[in-house]
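To start, the structure under review is shown below, and the notes come after it.
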Amino acid sequence: MPELPEVETIANGVQARIHGQTIRSVWTSNKPQTFKSPPDEIIEALTGSRIERVHRVGKTIVVDLSRRKKPAQFLVHLGMTGRLLVSAPDTPVPPHTHAILALSGGQELRFVDARRFGRLSVVAPDTRYEGPGAEPLTVALEEFIGLFRNRKTPIKAALLNQSLLHGVGNIYADEALFHAGIRPSRHAGRLTRADLTRLREALIKVLTEAIQLGGSSVSDYVDADGVAGFFQLHHHVYSRTGQPCRVCATPIKRIVIGGRSTHYCSTCQK
DNA sequence: AGGTTGACCTGGACGC
DNA sequence: TGCGTCCAGGTCAACC
């Protein structure tokens with residue numbers, strides 16, 4: 001389940017391997033749901049373009065392209081199970097492969113996605129994708145506090161709302177709330193300035209540590225090398241239902257908020 | 001319009 | 001063993 005740290009790790013890995021190369025040809029599967037832009041538009045935008053830079057905005061991998069002085073962007077959202085692999089052409093194509101970009105360096109960039117929650121698209125020329133919300137790693141404190149003002153929804157649900165902050169998913173929302181000592185069920189609009197100050201710091205801390213460790217790997221995430229990350233070893237609450245809190249030994253509770261499983265320590269989080 | 005819920009998907013875990 | 005059921009969750013549409 002790739003969130004911000006995993007997406008950043010993958011984007012960096014892909015950037016290091018393929019930037020500067022030209023896309024010779026593009027193949028796409030016939031699964032409509034995968035393609036947020038029509039496959040023909042994607043093929044047209046990509047073929048013959050040079051890959052200038054691969055980076056991350058929220059949970060989206062952004063591939064900056066240039067061709068005939070017309071910049072374009074190719075967007076890859078990994079959904080739940082999406083993978084971007086840089087492979088030799090003679091490597092067997094895995095099941096559930098939905099796009100293959102043949103590159104001038106001889107390798108292929110492949111998009112593989114079993115569950116098909118991932119999405120591929122291209123942005124209109126002369127626009128730059130900036131994502132739906134604020135960047136968790138760089139958002140200023142006052143802006144962060146403003147995001148949650150008068151929100152009646154639980155803070156957990158607000159953290160998952162990509163139009164407020166983008167890049168935070170279920171794992172890091174639970175982990176950040178634990179480190180900030182905040183119950184996930186508390187109404188976002190009722191959090192104090194001190195709560196939100198701690199929450200922002202906790203978010204930056206858990207995301208930054210996860211990036212340094214190469215992202216979490218709970219089941220499906222694999223980075224561009226095919227090497228799994230290992231941040232799950234550091235999880236304090238996520239997927240630890242019934243296990244003792246690492247701080248106070250209270251069994252971790254699991255509830256559902258906004259249709260998502262939510263884990264917390266009833267002693268450490270108020 | 002903000003908030004909430006369910007559909008979309010498949011593989012893996014689990015129970016009988 | 002093998003089958004059926006349930007669960008995982010990012011996002012979006014639909015509804016309240």
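Naming works like this for the structure tokens: A, B, ... for the chains as they're shown, residue 1 at the start of each chain, ligands 1 onward in shown order.
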Per residue of chain A within 8 Å of chain B, which atom pair is closest and at what distance in Å (one decimal), using only C-alpha atoms (C1' of nucleotides), listed by chain and increasing number, as a Markdown table?
```
| residue | atom | partner | partner_atom | distance |
| --- | --- | --- | --- | --- |
| A:Ala114 | CA | B:DT10 | C1' | 6.3 |
| A:Arg115 | CA | B:DC9 | C1' | 4.7 |
| A:Arg116 | CA | B:DC9 | C1' | 5.8 |
| A:Phe117 | CA | B:DC9 | C1' | 6.8 |
| A:Thr153 | CA | B:DG3 | C1' | 7.1 |
| A:Gly258 | CA | B:DT4 | C1' | 7.3 |
| A:Gly259 | CA | B:DT5 | C1' | 7.8 |
```
Residue subset to file, keeping C-alpha atoms, as a JSON list (two decimals), in the first residue's frame:
```
[["chain", "number", "residue", "atom", "x", "y", "z"],
["A", 114, "ALA", "CA", -2.92, -6.76, -9.90],
["A", 115, "ARG", "CA", -5.80, -5.07, -8.14],
["A", 116, "ARG", "CA", -6.16, -2.30, -10.69],
["A", 117, "PHE", "CA", -6.69, 0.57, -8.31],
["A", 153, "THR", "CA", -14.91, 14.89, 10.65],
["A", 258, "GLY", "CA", -14.38, 6.44, 7.54],
["A", 259, "GLY", "CA", -14.58, 2.82, 6.45]]
```
With only C-alpha atoms (C1' of nucleotides) considered, list every residue of chain C at most 12 Å from chain A, as a list in words.
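The contacting residues on chain C are DC7, DA8, DG9, DG10, DT11 and DC12 of chain C.
Counting from CA of Ile23 in chain A, the distance to CA of Ile51 in chain A is 7.5 Å.
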Distance criterion (only C-alpha atoms): nearest to Arg183 in chain A out of A:Asn161, A:Asn150, A:Ser266, A:Thr241:
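Among the listed residues, A:Ser266 lies closest to Arg183 in chain A.
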Could you tell me, as a ChimeraX atom specification, which residues of range 139-224 of chain A DSSP assigns to alpha helix (DSSP H) when given the backbone?
/A:141-148,155-160,170-180,193-213
Name the residues of range 35-173 of chain A that come out as strand (DSSP E) in a backbone DSSP run; write them as a VMD selection string.
chain A and resid 50 to 57 60 to 67 70 to 77 82 to 87 97 to 103 108 to 113 119 to 123
Nearest to Leu75 in chain A: which of A:His96, A:Arg128, A:Lys31, A:Arg240 is it, counting only C-alpha atoms?
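Using only C-alpha atoms, the shortest distance to Leu75 in chain A belongs to A:Arg128.
Taking CA of Val256 in chain A as the reference point, CA of Asp174 in chain A is found at 11.7 Å.
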Please indicate the distance in Å from CA of Gly20 in chain A to CA of Glu52 in chain A, rounded to one decimal place.
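Going from CA of Gly20 in chain A over to CA of Glu52 in chain A covers 5.4 Å.
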Residues within 9 Å of Ile42 in chain A, please, as a list of chain:residue names. Count only C-alpha atoms (C1' of nucleotides); anything in the same chain fewer than 6 positions from it doesn't count.
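So the residues in contact are A:Val26, A:Phe35, A:Phe74, A:Leu120, A:Ser121, A:Val122.
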For range 248-253 of chain A, list every protein, DNA or RNA residue within 7 Å, evaluated using only C-alpha atoms (C1' of nucleotides), and leave out those in the same chain fewer than 5 positions away; present the list as a ChimeraX atom specification.
/A:237,240-243,263-265,267
Kindly export the residues of the current selection with N, CA and C atoms, as a compact mmCIF listing (two decimals), in the first residue's frame.
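Final output, saved to selection-v9.txt:
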```txt
# COMPACT_ATOMS: atom_id res chain seq x y z
N VAL A 237 1.52 1.16 15.88
CA VAL A 237 0.12 0.77 16.04
C VAL A 237 -0.45 0.06 14.81
N ARG A 240 -1.22 -3.78 14.38
CA ARG A 240 -0.74 -4.42 15.60
C ARG A 240 -1.88 -4.67 16.59
N THR A 241 -3.09 -4.87 16.07
CA THR A 241 -4.26 -5.07 16.93
C THR A 241 -4.02 -6.17 17.97
N GLY A 242 -4.28 -5.81 19.23
CA GLY A 242 -4.14 -6.78 20.31
C GLY A 242 -2.72 -6.94 20.85
N GLN A 243 -1.76 -6.46 20.08
CA GLN A 243 -0.38 -6.56 20.56
C GLN A 243 -0.08 -5.42 21.54
N HIS A 263 -5.94 2.03 14.06
CA HIS A 263 -5.29 1.39 15.21
C HIS A 263 -4.75 2.45 16.16
N TYR A 264 -4.94 2.23 17.46
CA TYR A 264 -4.44 3.24 18.41
C TYR A 264 -4.24 2.61 19.79
N CYS A 265 -3.51 3.32 20.62
CA CYS A 265 -3.31 2.92 22.01
C CYS A 265 -4.19 3.79 22.88
N THR A 267 -4.21 4.22 25.95
CA THR A 267 -3.51 4.87 27.06
C THR A 267 -2.67 6.05 26.56
```
Skip Ala173 in chain A itself and residues of its chain fewer than 5 positions away, then list as a PyMOL selection string all residues within 9 Å of it, counting only C-alpha atoms (C1' of nucleotides).
chain A and resi 156-157+159-160+168+178+184+203+262
